[in-house]
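One structure is given below, encoded as structure tokens.
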Amino acid sequence: MSVIPLVFTCGWASGINAYAVVLLLGLFGATGVSDDVPAALQRTDVLIVAAVLFLCEAIADKVPYVDSVWDTVVRPVAGAVVAALLAGESGSLPELAAGAIGGSTALVSHLVKAGTRMAVNTSPEPFSNIGMSVVEDLGVAGIITFAIFNPVAAAVIAGVLLVLGIVVVLFLASRIRRFLRRRAQRREEKRLAGAGGPWPPG
């Protein structure tokens with residue numbers, strides 16, 4: 001069976017929580033649940049590092065504003081690497097080309113998550129951020145597990161969620177712009193405070 005559906009699903013999930021994807025795929029491969037997982041992801045050292053970084057992600061991702069800058073580069077790159085490994089196992093040129101799908105999907109998924117978090121972070125209370133993070137973590141775990149047994153159906157679900165996420169971000173665009181303006185204003189205030197404040201008018 002083509003690995004493209006699994007590549008697409010893993011790309012979407014990597015844009016949300018790359019370490020969870022690496023950890024889950026590695027565990028599924030190491031325990032014999034799936035034969036489609038590359039050996040590189042089943043290595044003990046990779047699993048340990050992924051587990052430690054997953055715990056760090058689980059904490060950082062629930063802290064307002066910290067979550068917006070955490071792994072901005074790592075998520076898309078991890079999606080591309082996992083996709084390339086999965087596609088490369090088949091050895092055919094079309095499947096190797098499918099590695100680009102994982103990276104681009106991870107990038108779009110990450111941008112959707114970052115945009116949504118900017119809107120959520122405009123709320124003064126932390127519970128909405130924590131709730132969003134928990135839902136995302138559970139969603140990634142569920143969709144990756146489902147993809148191991150039914151990659152096509154999982155890819156359809158991931159595609160629907162990706163489109164819905166884009167629609168939500170576009171809907172929340174005005175709130176995101178307010179968030180960016182407030183952040184720029186806070187930076188300017190800190191800069192002026194560090195410089196001793198503006199000169200009093202003559």
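How things are named: the first chain in the structure tokens is A, the next is B, and so on; residues count from 1 in each chain; ligands count from 1 in the order shown.
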Practice prompt. Please provide the set of residues having any atom within 12 Å of stretch 138-154 of chain A, restricted to only C-alpha atoms, with same-chain residues fewer than 6 positions apart removed, written as a ChimeraX atom specification.
Written response: /A:1-29,32-37,58,109,131-132,160-161
Practice item. Find the distance between atom CA of A:Glu57 and atom CA of A:Leu41 and write it in Å to one decimal. Key: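 One can read the atom CA of A:Glu57 to atom CA of A:Leu41 distance as 18.7 Å.
Residues in contact range of A:Val169, defined as at most 9 Å between only C-alpha atoms, with sequence neighbours fewer than 4 positions away removed, read A:Val112, A:Lys113, A:Gly115, A:Thr116, A:Ala119, A:Leu164, A:Gly165, A:Ala173, A:Ile176.
The spacing separating atom CA of A:Ala39 from atom CA of A:Cys56 amounts to 24.5 Å.
The coordinates place atom CA of A:Ala106 at 7.9 Å from atom CA of A:Val77.
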